[in-house]
file run-v7.cif (mmCIF, C-alpha atoms)
data_my_file
loop_
_atom_site.label_atom_id
_atom_site.label_comp_id
_atom_site.auth_asym_id
_atom_site.auth_seq_id
_atom_site.Cartn_x
_atom_site.Cartn_y
_atom_site.Cartn_z
CA MET A 1 119.97 76.91 56.10
CA PRO A 2 117.13 76.27 58.59
CA LEU A 3 114.60 78.99 59.18
CA PRO A 4 114.75 80.62 62.60
CA THR A 5 112.03 79.38 64.87
CA LYS A 6 109.86 81.81 66.73
CA GLN A 7 109.92 81.04 70.42
CA GLN A 8 106.46 80.16 71.72
CA PRO A 9 105.29 81.47 75.11
CA ALA A 10 105.61 78.87 77.84
CA ALA A 11 102.47 76.84 78.48
CA THR A 12 101.06 76.82 81.97
CA ALA A 13 97.99 75.42 83.68
CA LEU A 14 95.82 77.15 86.25
CA LEU A 15 93.28 75.66 88.63
CA THR A 16 90.38 78.10 88.41
CA ILE A 17 87.68 78.57 91.00
CA ARG A 18 84.48 80.36 90.01
CA GLY A 19 81.90 80.98 92.67
CA PRO A 20 79.10 83.43 93.29
CA GLY A 21 80.71 86.85 93.03
CA HIS A 22 84.30 85.70 92.65
CA ALA A 23 86.72 84.07 90.23
CA TRP A 24 90.36 83.30 90.99
CA ALA A 25 93.09 80.89 89.99
CA ILE A 26 96.20 79.26 91.38
CA PRO A 27 99.10 77.82 89.36
CA SER A 28 98.35 74.12 89.07
CA VAL A 29 102.01 73.23 89.59
CA ALA A 30 101.49 74.03 93.30
CA VAL A 31 98.31 71.92 93.61
CA THR A 32 98.76 68.42 95.03
CA GLY A 33 95.11 67.54 95.54
CA VAL A 34 91.50 68.54 95.95
CA GLU A 35 89.23 67.13 98.65
CA ALA A 36 85.61 67.53 99.64
CA VAL A 37 85.06 69.50 102.81
CA GLY A 38 84.35 66.99 105.52
CA ASP A 39 84.63 66.35 109.20
CA THR A 40 88.42 66.27 108.90
CA SER A 41 88.62 69.89 107.74
CA ASP A 42 90.12 72.25 110.25
CA ALA A 43 90.29 75.92 111.07
CA SER A 44 93.77 76.23 109.53
CA MET A 45 92.29 76.33 106.02
CA LEU A 46 92.49 79.72 104.35
CA ASP A 47 89.16 81.03 103.08
CA VAL A 48 90.36 82.66 99.85
CA PRO A 49 87.23 84.72 99.05
CA ALA A 50 87.35 86.14 102.59
CA LEU A 51 91.04 87.00 102.12
CA LEU A 52 90.12 88.79 98.89
CA GLY A 53 87.53 90.93 100.69
CA ASP A 54 84.36 88.83 100.39
CA ALA A 55 82.35 87.87 103.46
CA GLU A 56 83.38 84.67 105.23
CA THR A 57 81.17 81.80 104.18
CA VAL A 58 80.20 78.57 105.79
CA PRO A 59 81.49 75.54 103.86
CA SER A 60 78.80 73.75 101.87
CA ASP A 61 78.53 70.70 99.63
CA ALA A 62 79.89 72.88 96.79
CA SER A 63 83.01 73.77 98.80
CA ARG A 64 86.32 71.99 98.27
CA VAL A 65 89.70 71.99 99.94
CA VAL A 66 92.54 72.72 97.52
CA ILE A 67 95.81 71.33 98.85
CA LEU A 68 99.01 73.12 97.86
CA ARG A 69 102.66 72.21 98.33
CA ILE A 70 104.80 75.35 98.59
CA GLN A 71 108.44 75.41 99.64
CA GLY A 72 108.03 71.93 101.12
CA GLN A 73 105.00 72.93 103.19
CA GLU A 74 101.35 71.95 102.81
CA LEU A 75 98.70 74.65 102.63
CA ARG A 76 94.95 74.06 102.54
CA LEU A 77 92.62 76.53 100.83
CA LEU A 78 88.87 76.58 101.23
CA ALA A 79 87.36 77.07 97.78
CA HIS A 80 83.71 77.76 97.04
CA GLY A 81 82.42 77.13 93.52
CA ALA A 82 83.28 75.25 90.36
CA LEU A 83 86.85 74.06 89.90
CA THR A 84 88.29 73.69 86.40
CA LEU A 85 91.72 73.33 84.86
CA MET A 86 92.62 76.01 82.33
CA GLU A 87 95.56 75.75 79.94
CA THR A 88 97.10 79.08 78.98
CA THR A 89 100.42 80.62 78.04
CA SER A 90 102.69 82.94 79.96
CA SER A 91 101.82 85.74 77.52
CA ASN A 92 98.22 85.57 78.84
CA LEU A 93 99.36 86.18 82.42
CA LEU A 94 99.82 89.89 83.02
CA PRO A 95 101.74 90.96 86.13
CA LEU A 96 99.71 93.06 88.51
CA PRO A 97 100.61 96.75 87.97
CA PRO A 98 102.87 98.10 90.74
CA LEU A 99 100.26 100.63 91.91
CA MET A 100 97.79 97.78 92.54
CA GLN A 101 100.22 95.41 94.29
CA GLY A 102 99.72 97.10 97.66
CA ALA A 103 95.93 96.91 97.36
CA ALA A 104 95.90 93.25 96.30
CA PRO A 105 99.01 91.66 97.83
CA LEU A 106 97.85 88.06 97.24
CA VAL A 107 97.41 88.58 93.50
CA SER A 108 100.49 88.04 91.34
CA HIS A 109 98.93 88.15 87.86
CA ILE A 110 95.76 88.77 85.93
CA ALA A 111 94.84 85.99 83.50
CA VAL A 112 93.57 87.10 80.12
CA VAL A 113 90.92 84.85 78.57
CA ASP A 114 89.59 85.53 75.06
CA GLY A 115 91.44 88.83 75.01
CA ARG A 116 89.91 90.14 78.25
CA PRO A 117 91.11 90.19 81.87
CA ALA A 118 89.18 87.37 83.52
CA LEU A 119 90.85 85.97 86.65
CA PHE A 120 93.07 86.99 89.50
CA VAL A 121 95.98 84.56 89.78
CA LEU A 122 97.06 84.19 93.38
CA SER A 123 100.64 83.74 94.51
CA PRO A 124 101.09 80.46 96.41
CA GLU A 125 104.08 81.95 98.23
CA ARG A 126 102.08 84.94 99.44
CA LEU A 127 99.26 82.66 100.59
CA LEU A 128 101.81 80.69 102.59
CA GLU A 129 102.99 83.92 104.25
CA VAL A 130 99.38 84.73 105.21
CA ALA A 131 98.95 81.24 106.68
CA HIS A 132 102.06 81.71 108.82
CA VAL A 133 100.80 85.07 110.10
CA GLU A 134 97.36 83.61 110.90
CA ASN A 135 98.94 80.65 112.74
CA VAL A 136 101.04 83.04 114.85
CA ASN A 137 97.98 85.15 115.67
CA ALA A 138 95.81 82.13 116.53
#
call {"tool": "encode", "arguments": {"input": "run-v7.cif", "output": "structure tokens"}}
result
Amino acid sequence: MPLPTKQQPAATALLTIRGPGHAWAIPSVAVTGVEAVGDTSDASMLDVPALLGDAETVPSDASRVVILRIQGQELRLLAHGALTLMETTSSNLLPLPPLMQGAAPLVSHIAVVDGRPALFVLSPERLLEVAHVENVNA
């Protein structure tokens, strides 16, 4: 008789962005590309640190544009800092407590690294909602 197998938590990958004063991540399954900020960048990019409460920053050589595909739509995020790919498991992604969801509506999870909360994981769907609201208000 075979021994029962213990189900392993699902593996997932996050694109992490660590800049001065901020660290956040996005599920890599939504990421379709990363580009340097150039002359082709436009005002429709979302400045994630600014959305999270940091001051708006001017793009620099260290800035990148992270391109997402969500529900068949493209979304461009302005990211400042070092980009890395982090492999983790679903057991290391803690849902944001209900009392904090209203205060941080873009954050879906907190990623635990080495046993400690380390990164806010943003919801691509919620970012898309913000982009639609900003486009309507523009």
call {"tool": "closest_residue", "arguments": {"input": "run-v7.cif", "among": "A:Leu119, A:Gly102, A:Ser108, A:Glu35", "to": "Ile67 of chain A", "atoms": "only C-alpha atoms"}}
result
A:Glu35
call {"tool": "resolve_selection", "arguments": {"input": "run-v7.cif", "expression": "the PyMOL selection byres ((chain A and resi 51-53) around 12)", "output": "MDAnalysis selection string"}}
result
chainID A and resid 21:24 45:50 54:57 77:79 103:107 120:122 126:127 130:131 134
call {"tool": "atom_distance", "arguments": {"input": "run-v7.cif", "atom1": "atom CA of His80 of chain A", "atom2": "atom CA of Asp61 of chain A"}}
result
9.1 Å
call {"tool": "residues_near_point", "arguments": {"input": "run-v7.cif", "point": "(96.3, 73.3, 82.9)", "cutoff": "8 Å", "atoms": "all atoms listed in the file", "output": "VMD selection string"}}
result
chain A and resid 12 to 15 28 85 to 88
call {"tool": "resolve_selection", "arguments": {"input": "run-v7.cif", "expression": "the PyMOL selection byres ((chain A and resi 36) around 8)", "output": "PyMOL selection string"}}
result
chain A and resi 34-35+37-38+61+63-65
call {"tool": "axis_aligned_box", "arguments": {"input": "run-v7.cif", "around": "segment 74-91 of chain A", "padding_each_side": "4 Å", "output": "AutoDock Vina command-line options"}}
result
--center_x 92.6 --center_y 78.8 --center_z 90.2 --size_x 28.3 --size_y 21.8 --size_z 33.3
call {"tool": "atom_distance", "arguments": {"input": "run-v7.cif", "atom1": "atom CA of Gly19 of chain A", "atom2": "atom CA of Gly72 of chain A"}}
result
28.9 Å
call {"tool": "residues_near_point", "arguments": {"input": "run-v7.cif", "point": "(100.1, 69.2, 99.2)", "cutoff": "10 Å", "atoms": "only C-alpha atoms", "output": "MDAnalysis selection string"}}
result
chainID A and resid 30:34 66:70 72:76
call {"tool": "atom_distance", "arguments": {"input": "run-v7.cif", "atom1": "atom CA of Pro117 of chain A", "atom2": "atom CA of Leu94 of chain A"}}
result
8.8 Å
call {"tool": "closest_residue", "arguments": {"input": "run-v7.cif", "among": "A:Gly81, A:Ala62, A:His109, A:Ser44", "to": "Leu93 of chain A", "atoms": "all atoms listed in the file"}}
result
A:His109
call {"tool": "closest_residue", "arguments": {"input": "run-v7.cif", "among": "A:Val58, A:Ala82, A:Ala111, A:Met100", "to": "Pro27 of chain A", "atoms": "only C-alpha atoms"}}
result
A:Ala111
call {"tool": "closest_residue", "arguments": {"input": "run-v7.cif", "among": "A:Ala118, A:Arg18, A:Pro59, A:Ile26", "to": "Leu83 of chain A", "atoms": "all atoms listed in the file"}}
result
A:Arg18
